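File shown: input37.cif. Contents: mmCIF, C-alpha atoms.
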data_query
loop_
_atom_site.label_atom_id
_atom_site.label_comp_id
_atom_site.auth_asym_id
_atom_site.auth_seq_id
_atom_site.Cartn_x
_atom_site.Cartn_y
_atom_site.Cartn_z
CA MET A 1 0.00 0.00 0.00
CA SER A 2 1.36 3.36 -1.01
CA LEU A 3 1.71 6.28 1.36
CA LEU A 4 -0.96 8.22 -0.50
CA SER A 5 -3.45 5.38 -0.10
CA LEU A 6 -2.70 5.20 3.63
CA VAL A 7 -3.32 8.93 4.01
CA TRP A 8 -6.64 8.61 2.16
CA LEU A 9 -7.74 5.74 4.39
CA VAL A 10 -6.85 7.65 7.57
CA ALA A 11 -8.72 10.72 6.30
CA LEU A 12 -11.73 8.58 5.41
CA GLY A 13 -11.67 6.99 8.87
CA LEU A 14 -11.50 10.36 10.60
CA MET A 15 -14.34 11.68 8.47
CA SER A 16 -16.49 8.65 9.27
CA PHE A 17 -15.73 9.01 12.97
CA SER A 18 -16.64 12.70 12.90
CA LEU A 19 -19.94 12.03 11.12
CA ALA A 20 -20.80 9.23 13.55
CA THR A 21 -19.97 11.42 16.55
CA MET A 22 -22.07 14.33 15.24
CA THR A 23 -24.97 11.97 14.52
CA ALA A 24 -24.77 10.55 18.04
CA LEU A 25 -24.66 14.02 19.61
CA ILE A 26 -27.60 15.24 17.55
CA GLY A 27 -29.57 12.11 18.41
CA ALA A 28 -28.79 12.49 22.12
CA ARG A 29 -29.90 16.12 22.01
CA VAL A 30 -33.19 15.19 20.32
CA ILE A 31 -33.83 12.43 22.86
CA HIS A 32 -32.98 14.79 25.75
CA LYS A 33 -35.32 17.48 24.43
CA GLY A 34 -38.07 14.90 24.01
CA ARG A 35 -37.65 13.75 27.61
CA ARG A 36 -37.74 17.31 28.87
CA ALA A 37 -40.90 17.98 26.87
CA ARG A 38 -42.57 14.86 28.30
CA ARG A 39 -41.45 15.83 31.80
CA ALA A 40 -42.90 19.33 31.35
CA ALA A 41 -46.17 17.88 30.05
CA ARG A 42 -46.44 15.58 33.05
CA ARG A 43 -45.73 18.45 35.45
CA ALA A 44 -48.47 20.42 33.69
CA ILE A 45 -50.88 17.64 34.62
CA VAL A 46 -49.76 17.11 38.21
CA LEU A 47 -49.14 20.66 39.45
CA PRO A 48 -52.62 22.12 38.74
CA GLU A 49 -54.22 19.10 40.39
CA LEU A 50 -52.14 19.57 43.53
CA VAL A 51 -52.66 23.33 43.64
CA HIS A 52 -56.42 22.92 43.25
CA HIS A 53 -56.41 20.31 46.00
CA ILE A 54 -54.55 22.68 48.34
CA GLY A 55 -57.04 25.44 47.58
CA GLY A 56 -60.02 23.13 48.18
CA LEU A 57 -61.25 23.53 44.60
CA ILE A 58 -61.36 19.76 43.96
CA PRO A 59 -63.37 17.63 46.39
CA GLY A 60 -62.40 14.06 47.20
CA SER A 61 -59.09 12.33 46.60
CA LEU A 62 -56.34 13.31 44.20
CA ASP A 63 -56.41 12.04 40.63
CA LEU A 64 -52.93 12.26 39.13
CA LYS A 65 -53.73 10.11 36.09
CA GLY A 66 -51.38 7.37 37.24
CA LEU A 67 -48.39 9.73 37.36
CA GLU A 68 -47.96 9.17 41.10
CA THR A 69 -45.85 6.15 40.17
CA ASP A 70 -43.26 8.41 38.50
CA ALA A 71 -41.03 8.81 41.56
CA VAL A 72 -38.67 11.33 39.95
CA LEU A 73 -41.53 13.56 38.84
CA MET A 74 -43.22 13.38 42.23
CA ALA A 75 -39.95 14.12 44.03
CA GLU A 76 -39.47 17.27 41.95
CA VAL A 77 -43.06 18.42 42.44
CA VAL A 78 -43.13 17.68 46.19
CA ARG A 79 -39.82 19.46 46.81
CA ASP A 80 -40.86 22.54 44.83
CA LEU A 81 -44.48 22.78 45.97
CA ALA A 82 -44.40 21.62 49.59
CA GLY A 83 -41.85 24.29 50.47
CA LEU A 84 -44.36 26.97 49.48
CA VAL A 85 -47.21 25.86 51.74
CA ARG A 86 -47.45 25.60 55.52
CA GLY A 87 -49.70 24.33 58.27
CA GLN A 88 -52.94 22.51 57.45
CA GLU A 89 -52.54 22.96 53.71
CA ARG A 90 -49.23 21.10 53.71
CA ASN A 91 -50.51 18.41 56.06
CA GLY A 92 -53.55 17.85 53.86
CA LEU A 93 -51.42 17.64 50.73
CA MET A 94 -48.98 15.17 52.27
CA THR A 95 -51.83 13.01 53.56
CA ALA A 96 -53.35 12.88 50.09
CA LEU A 97 -50.00 11.99 48.53
CA ARG A 98 -49.41 9.29 51.13
CA ALA A 99 -52.74 7.76 50.19
CA LEU A 100 -51.43 7.42 46.63
CA GLY A 101 -48.21 5.76 47.84
CA VAL A 102 -45.93 8.64 46.85
CA ASP A 103 -43.81 8.31 50.00
CA GLN A 104 -43.19 4.63 49.24
CA ALA A 105 -42.14 5.50 45.68
CA LEU A 106 -39.71 8.10 47.04
CA ARG A 107 -38.17 5.60 49.46
CA ARG A 108 -37.67 3.14 46.61
CA LEU A 109 -36.05 5.88 44.53
CA LEU A 110 -33.73 6.68 47.45
CA ARG A 111 -32.55 3.07 47.46
CA ARG A 112 -32.29 2.32 43.73
CA GLY A 113 -32.13 5.49 41.67
CA SER A 114 -29.19 7.30 40.16
CA THR A 115 -27.16 9.61 42.38
CA VAL A 116 -29.01 12.73 41.23
CA HIS A 117 -32.39 11.08 41.72
CA ARG A 118 -31.46 9.71 45.16
CA VAL A 119 -30.44 13.21 46.26
CA LEU A 120 -33.80 14.48 45.00
CA ALA A 121 -35.67 11.74 46.88
CA ALA A 122 -33.81 12.51 50.12
CA GLU A 123 -34.76 16.18 49.84
CA ALA A 124 -38.42 15.35 49.15
CA LEU A 125 -38.76 12.79 51.95
CA VAL A 126 -38.34 15.54 54.53
CA PHE A 127 -42.04 16.28 53.95
CA PHE A 128 -43.08 12.71 54.85
CA PRO A 129 -42.07 12.17 58.50
CA GLY A 130 -42.50 8.69 59.85
CA GLU A 131 -40.59 5.65 61.03
CA ASP A 132 -40.22 4.24 57.52
CA THR A 133 -38.82 7.55 56.29
CA TYR A 134 -36.42 7.82 59.24
CA ALA A 135 -35.14 4.31 58.60
CA ALA A 136 -34.63 4.97 54.88
CA LEU A 137 -32.80 8.25 55.51
CA GLN A 138 -30.63 6.67 58.19
CA GLU A 139 -29.67 3.82 55.87
CA ALA A 140 -28.81 6.24 53.04
CA SER A 141 -26.81 8.51 55.35
CA ARG A 142 -24.52 5.63 56.29
CA ARG A 143 -23.71 3.78 53.08
CA ASP A 144 -24.57 5.79 49.95
CA ASP A 145 -22.71 8.18 47.67
CA HIS A 146 -21.22 11.25 49.38
CA ARG A 147 -23.85 13.65 48.03
CA VAL A 148 -26.67 11.26 48.86
CA ARG A 149 -25.35 10.78 52.39
CA LEU A 150 -25.24 14.52 53.07
CA SER A 151 -28.73 15.08 51.63
CA ALA A 152 -30.15 12.20 53.68
CA LEU A 153 -28.33 13.45 56.76
CA ARG A 154 -29.72 16.96 56.31
CA SER A 155 -33.29 15.65 55.92
CA ALA A 156 -32.94 13.41 58.97
CA ILE A 157 -31.66 16.34 61.07
CA GLU A 158 -34.50 18.58 59.87
CA LEU A 159 -36.95 15.88 60.95
CA GLY A 160 -35.36 15.80 64.42
CA HIS A 161 -33.59 12.47 63.98
CA ALA A 162 -29.95 13.47 63.87
CA PRO A 163 -27.47 10.58 64.15
CA PRO A 164 -25.25 10.45 67.24
CA ILE A 165 -22.52 13.10 67.32
CA GLY A 166 -19.86 10.43 67.80
CA GLU A 167 -21.01 8.65 64.65
CA MET A 168 -20.83 11.88 62.63
CA LEU A 169 -17.33 12.62 63.89
CA ASP A 170 -16.21 9.05 63.18
CA SER A 171 -17.35 9.43 59.57
CA VAL A 172 -15.01 12.42 59.15
CA ILE A 173 -12.11 10.83 61.01
CA GLY A 174 -12.44 7.60 59.02
CA GLY A 175 -12.49 9.47 55.72
CA THR A 176 -16.09 8.60 54.83
CA GLU A 177 -16.99 12.29 54.91
CA ARG A 178 -14.98 15.43 54.21
CA ALA A 179 -14.68 18.27 56.72
CA SER A 180 -16.59 20.57 54.37
CA LEU A 181 -18.62 23.69 55.12
CA LEU A 182 -21.81 21.74 54.41
CA PHE A 183 -20.87 19.02 56.87
CA SER A 184 -19.92 21.68 59.42
CA ASP A 185 -23.40 23.20 59.08
CA LEU A 186 -25.03 19.80 59.56
CA LEU A 187 -22.85 19.11 62.59
CA GLN A 188 -23.90 22.42 64.13
CA ARG A 189 -27.58 21.54 63.66
CA ALA A 190 -27.05 18.13 65.23
CA VAL A 191 -25.11 19.52 68.19
CA ARG A 192 -28.04 21.69 69.29
CA THR A 193 -30.01 18.60 70.28
CA GLN A 194 -27.04 16.65 71.72
CA ILE A 195 -25.12 19.20 73.79
CA GLU A 196 -23.84 16.80 76.44
CA ASP A 197 -22.67 14.24 73.88
CA ALA A 198 -20.93 16.99 71.89
CA VAL A 199 -19.16 18.29 75.01
CA ALA A 200 -18.00 14.77 75.81
CA ALA A 201 -16.82 14.28 72.23
CA LEU A 202 -14.65 17.40 72.49
CA GLY A 203 -12.49 15.52 75.00
CA ARG A 204 -11.74 12.66 72.58
CA PRO A 205 -7.98 12.35 72.07
CA ASP A 206 -8.38 10.94 68.54
CA LEU A 207 -9.99 14.07 67.08
CA PRO A 208 -7.83 15.63 64.36
CA ARG A 209 -7.31 19.36 64.71
CA PRO A 210 -9.70 20.39 61.86
CA VAL A 211 -12.47 18.20 63.30
CA ARG A 212 -11.91 19.58 66.81
CA VAL A 213 -12.10 23.14 65.43
CA MET A 214 -15.31 22.27 63.59
CA LEU A 215 -16.83 20.80 66.74
CA MET A 216 -15.91 23.89 68.80
CA GLN A 217 -17.56 26.12 66.20
CA ALA A 218 -20.69 24.00 66.44
CA LEU A 219 -20.65 24.20 70.25
CA GLY A 220 -20.30 27.98 70.18
CA GLY A 221 -23.14 28.26 67.67
CA SER A 222 -25.44 26.24 69.94
CA GLY A 223 -25.83 29.19 72.34
CA ASP A 224 -26.00 26.77 75.27
CA ALA A 225 -24.26 27.86 78.48
CA ARG A 226 -23.18 24.26 79.16
CA VAL A 227 -20.47 24.56 76.49
CA LEU A 228 -18.76 27.50 78.25
CA ALA A 229 -16.49 25.42 80.51
CA PRO A 230 -15.04 23.14 77.79
CA LEU A 231 -14.46 26.13 75.50
CA LEU A 232 -12.65 28.00 78.28
CA LEU A 233 -10.47 24.94 78.79
CA ALA A 234 -9.73 24.75 75.04
CA ALA A 235 -8.80 28.44 75.05
CA ARG A 236 -5.86 27.53 77.31
CA SER A 237 -4.62 24.74 75.02
CA ALA A 238 -0.95 24.51 74.13
CA ASP A 239 -1.98 24.50 70.45
CA ALA A 240 -2.35 28.09 69.15
CA GLU A 241 -4.84 27.06 66.47
CA ILE A 242 -7.05 25.42 69.08
CA ARG A 243 -6.83 28.51 71.30
CA ALA A 244 -7.83 30.75 68.42
CA ALA A 245 -10.75 28.48 67.45
CA ALA A 246 -11.96 28.33 71.06
CA LEU A 247 -11.93 32.13 71.34
CA GLY A 248 -13.84 32.35 68.07
CA ALA A 249 -16.43 29.93 69.43
CA LEU A 250 -16.67 31.91 72.68
CA GLY A 251 -17.35 35.03 70.66
CA VAL A 252 -20.19 33.30 68.83
CA LEU A 253 -21.51 31.91 72.11
CA GLY A 254 -21.71 35.46 73.49
CA HIS A 255 -21.39 34.48 77.14
CA PRO A 256 -19.74 37.09 79.45
CA GLY A 257 -17.83 34.25 81.10
CA ALA A 258 -15.43 34.44 78.17
CA ALA A 259 -13.73 37.32 80.01
CA GLU A 260 -11.94 34.67 82.07
CA VAL A 261 -9.54 33.89 79.21
CA VAL A 262 -9.69 37.04 77.06
CA GLU A 263 -7.16 39.12 79.02
CA GLU A 264 -4.42 36.53 78.67
CA ALA A 265 -5.32 35.90 75.02
CA LEU A 266 -5.00 39.59 74.14
CA GLY A 267 -1.30 39.31 74.94
CA ASP A 268 -0.76 35.92 73.30
CA ASP A 269 2.39 35.38 71.23
CA ASP A 270 0.33 34.12 68.28
CA TRP A 271 -1.31 36.93 66.29
CA GLN A 272 -4.30 34.77 65.31
CA VAL A 273 -5.09 34.20 68.98
CA ARG A 274 -4.88 37.94 69.64
CA LEU A 275 -7.14 38.55 66.66
CA LYS A 276 -9.79 36.12 67.88
CA ALA A 277 -9.57 37.57 71.39
CA ILE A 278 -10.27 41.05 70.01
CA GLU A 279 -13.22 39.74 67.99
CA CYS A 280 -14.51 38.00 71.12
CA VAL A 281 -14.36 41.30 73.03
CA ARG A 282 -16.41 42.99 70.31
CA ARG A 283 -19.00 40.25 69.95
CA VAL A 284 -19.58 39.71 73.66
CA GLY A 285 -19.34 43.44 74.48
CA LEU A 286 -16.60 43.12 77.09
CA ILE A 287 -16.08 46.86 77.56
CA GLU A 288 -13.80 46.26 80.56
CA PHE A 289 -11.06 45.32 78.07
CA PHE A 290 -11.16 48.70 76.31
CA ALA A 291 -7.66 49.66 77.48
CA GLN A 292 -6.13 46.31 76.46
CA VAL A 293 -7.68 46.58 73.00
CA MET A 294 -6.23 50.12 72.73
CA VAL A 295 -2.79 48.58 73.15
CA ARG A 296 -3.51 46.10 70.36
CA ALA A 297 -4.39 49.04 68.07
CA ASN A 298 -0.61 49.40 67.70
CA ASP A 299 -0.01 45.69 67.13
CA GLU A 300 2.76 44.63 64.75
CA VAL A 301 0.22 42.80 62.55
CA TRP A 302 -1.95 45.15 60.51
CA TRP A 303 -5.02 42.83 60.57
CA VAL A 304 -4.94 42.82 64.37
CA ARG A 305 -4.71 46.63 64.34
CA TYR A 306 -7.64 46.86 61.97
CA ARG A 307 -9.85 44.58 64.10
CA ALA A 308 -8.78 46.48 67.21
CA GLY A 309 -9.96 49.72 65.62
CA GLN A 310 -13.32 48.19 64.74
CA THR A 311 -13.69 46.82 68.26
CA LEU A 312 -12.83 50.14 69.88
CA MET A 313 -15.46 51.90 67.81
CA SER A 314 -18.02 49.24 68.71
CA LEU A 315 -17.24 49.46 72.44
CA ALA A 316 -17.09 53.25 72.38
CA GLU A 317 -20.71 53.45 71.28
CA LYS A 318 -21.44 52.92 74.96
CA ASP A 319 -18.75 55.33 76.15
CA VAL A 320 -17.77 58.05 73.66
CA ASP A 321 -15.47 59.74 76.17
CA LYS A 322 -13.08 56.77 76.08
CA LEU A 323 -12.97 56.89 72.31
CA LYS A 324 -12.19 60.63 72.28
CA SER A 325 -9.50 60.08 74.90
CA PHE A 326 -7.85 57.49 72.66
CA VAL A 327 -8.04 59.70 69.55
CA ALA A 328 -6.44 62.57 71.48
CA LYS A 329 -3.36 60.39 71.94
CA VAL A 330 -2.92 59.76 68.20
CA PRO A 331 0.38 61.33 67.05
CA GLY A 332 0.25 64.18 64.57
CA ALA A 333 0.48 63.60 60.85
CA GLY A 334 4.04 65.01 60.77
CA GLU A 335 5.28 62.43 63.22
CA ARG A 336 3.77 59.34 61.56
CA ARG A 337 2.87 60.35 58.08
CA ASP A 338 3.39 56.92 56.51
CA VAL A 339 2.98 54.48 59.39
CA GLN A 340 -0.14 55.66 61.17
CA PRO A 341 -2.01 52.51 62.16
CA VAL A 342 -5.15 51.58 60.33
CA ALA A 343 -7.06 51.54 63.62
CA ASP A 344 -6.01 55.13 64.37
CA ARG A 345 -7.19 56.39 61.01
CA GLU A 346 -10.52 54.60 61.33
CA LEU A 347 -11.10 56.06 64.78
CA VAL A 348 -10.20 59.58 63.67
CA ARG A 349 -12.66 59.37 60.79
CA ALA A 350 -15.36 57.94 63.08
CA VAL A 351 -15.09 60.78 65.59
CA ALA A 352 -14.75 63.47 62.91
CA GLY A 353 -17.92 62.18 61.25
#

Can you present the structure in this file as structure tokens?
Amino acid sequence: MSLLSLVWLVALGLMSFSLATMTALIGARVIHKGRRARRAARRAIVLPELVHHIGGLIPGSLDLKGLETDAVLMAEVVRDLAGLVRGQERNGLMTALRALGVDQALRRLLRRGSTVHRVLAAEALVFFPGEDTYAALQEASRRDDHRVRLSALRSAIELGHAPPIGEMLDSVIGGTERASLLFSDLLQRAVRTQIEDAVAALGRPDLPRPVRVMLMQALGGSGDARVLAPLLLAARSADAEIRAAALGALGVLGHPGAAEVVEEALGDDDWQVRLKAIECVRRVGLIEFFAQVMVRANDEVWWVRYRAGQTLMSLAEKDVDKLKSFVAKVPGAGERRDVQPVADRELVRAVAG
């Protein structure tokens, strides 16, 4: 075979491949559009029926023309519609859908569907509380795909059936879950109903630092005074990152008992600890530390200076005389033309305004 013949054969093969690929893409697009059109047509049948039922315009039971067996469709409709109604209207709608077996179809979809559909089913099942739903969500939250687990976990927590705190922490430590912002939010919701277990878990020696920080944030966000003592203890840790996280959690907690560790933290060698201590003073409103925060307004780290200035202004709303006294001590522009701290400039502008 000559070289020219080989080139022609390769070109012919590439052309055939391109035509086949384009045909497949066009066919897939047509099929996808057809499915979307059918889905829209089915929604157009189901939604008006449900809306009329909610409004009491249709007496008797629901008639969804057999579409109640389409679990994906019903999951979409339930998730979108049930979130818009409350009280007796929602209860009546869910009762009618239960009578048609929609909750059973959603539980089957949660077990056997694709990942996207299982996530959808987990989100919709939050509107069908019951032992069967709790069991299905618990099973999915322990063994399914990562996204399905988090969706099932969120629905279970919203229904008041959060898994044990220790189990949630183990899933992160063991690598089953990632210490993500979403998981942190779910942990915070779960902690609110398991304060004592969460406090006990904070003492576990096997907690990695990121997980311990996440747990302290959740404890601070609970607003429960029972978490004050363990957070104060953590604020005295030998680990600077743990001290900083504990002070951040104390600031969110907002308990005046945080003053017990703030004074020492304001002089900490680690700038992040000093920063969190300043933020804690501002959030809790510990005006007795006004003078110490004034000192930090000349900190070597500009971010600490900036936060100190913000905190001084916040505290001075209750005592303007202290703020004016501080501003009076600011050196003149000729003395510190280029290095005037950010906090000083902010305070000068605040008073001048």

Take the PyMOL selection byres ((chain A and resi 265) around 9), run it mentally on this structure, and tell me the resulting residues as a PyMOL selection string.
chain A and resi 235-236+243-244+247+261-264+266-270+273-278

Interatomic distance between atom CA of A:Ser171 and atom CA of A:Gln104?
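Interatomic distance, atom CA of A:Ser171 to atom CA of A:Gln104: 28.2 Å.
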
On this structure, the PyMOL selection byres ((chain A and resi 54) around 10) would catch which residues? List them as JSON, numbers by chain, sorted by chain and number.
{"A": [48, 49, 50, 51, 52, 53, 55, 56, 57, 58, 85, 88, 89, 90, 91, 92, 93]}

Report as a ChimeraX atom specification the full result of the PyMOL selection byres ((chain A and resi 149) around 12) when it is applied to this structure.
/A:110-111,115-116,118-123,136-148,150-156,163,168,171,176-178,182-183,186

A straight line from atom CA of A:Leu73 to atom CA of A:Ala44 spans 11.0 Å

Straight-line distance linking atom CA of A:Ala245 with atom CA of A:Val213, stated in Å to one decimal
5.9 Å

Which of A:Met15, A:Ser180, A:His161, A:Arg283 sits closest to A:Gly130 [using only C-alpha atoms]
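For A:Gly130, the nearest of the candidates is A:His161.
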
Dig up all the protein and nucleic acid residues within 10 Å of (-6.1, 18.2, 69.1) in the file frame, using only C-alpha atoms, and format them as a compact mmCIF listing (two decimals) with C-alpha atoms, keeping the file's coordinate frame.
# COMPACT_ATOMS: atom_id res chain seq x y z
CA LEU A 202 -14.65 17.40 72.49
CA GLY A 203 -12.49 15.52 75.00
CA ARG A 204 -11.74 12.66 72.58
CA PRO A 205 -7.98 12.35 72.07
CA ASP A 206 -8.38 10.94 68.54
CA LEU A 207 -9.99 14.07 67.08
CA PRO A 208 -7.83 15.63 64.36
CA ARG A 209 -7.31 19.36 64.71
CA PRO A 210 -9.70 20.39 61.86
CA VAL A 211 -12.47 18.20 63.30
CA ARG A 212 -11.91 19.58 66.81
CA VAL A 213 -12.10 23.14 65.43
CA ALA A 234 -9.73 24.75 75.04
CA SER A 237 -4.62 24.74 75.02
CA ALA A 238 -0.95 24.51 74.13
CA ASP A 239 -1.98 24.50 70.45
CA GLU A 241 -4.84 27.06 66.47
CA ILE A 242 -7.05 25.42 69.08

Show me as a PyMOL selection string the residues that reach within 10 Å of (-19.6, 25.2, 71.1), counting all atoms listed in the file and using the file's own coordinates.
chain A and resi 188+191-192+195+198-199+202+213-231+246+248-250+252-253

Measuring between only C-alpha atoms, which one of A:Gly113, A:Gly66, A:Gly34, A:Gly27 shows the shortest distance to A:Val46?
A:Gly66
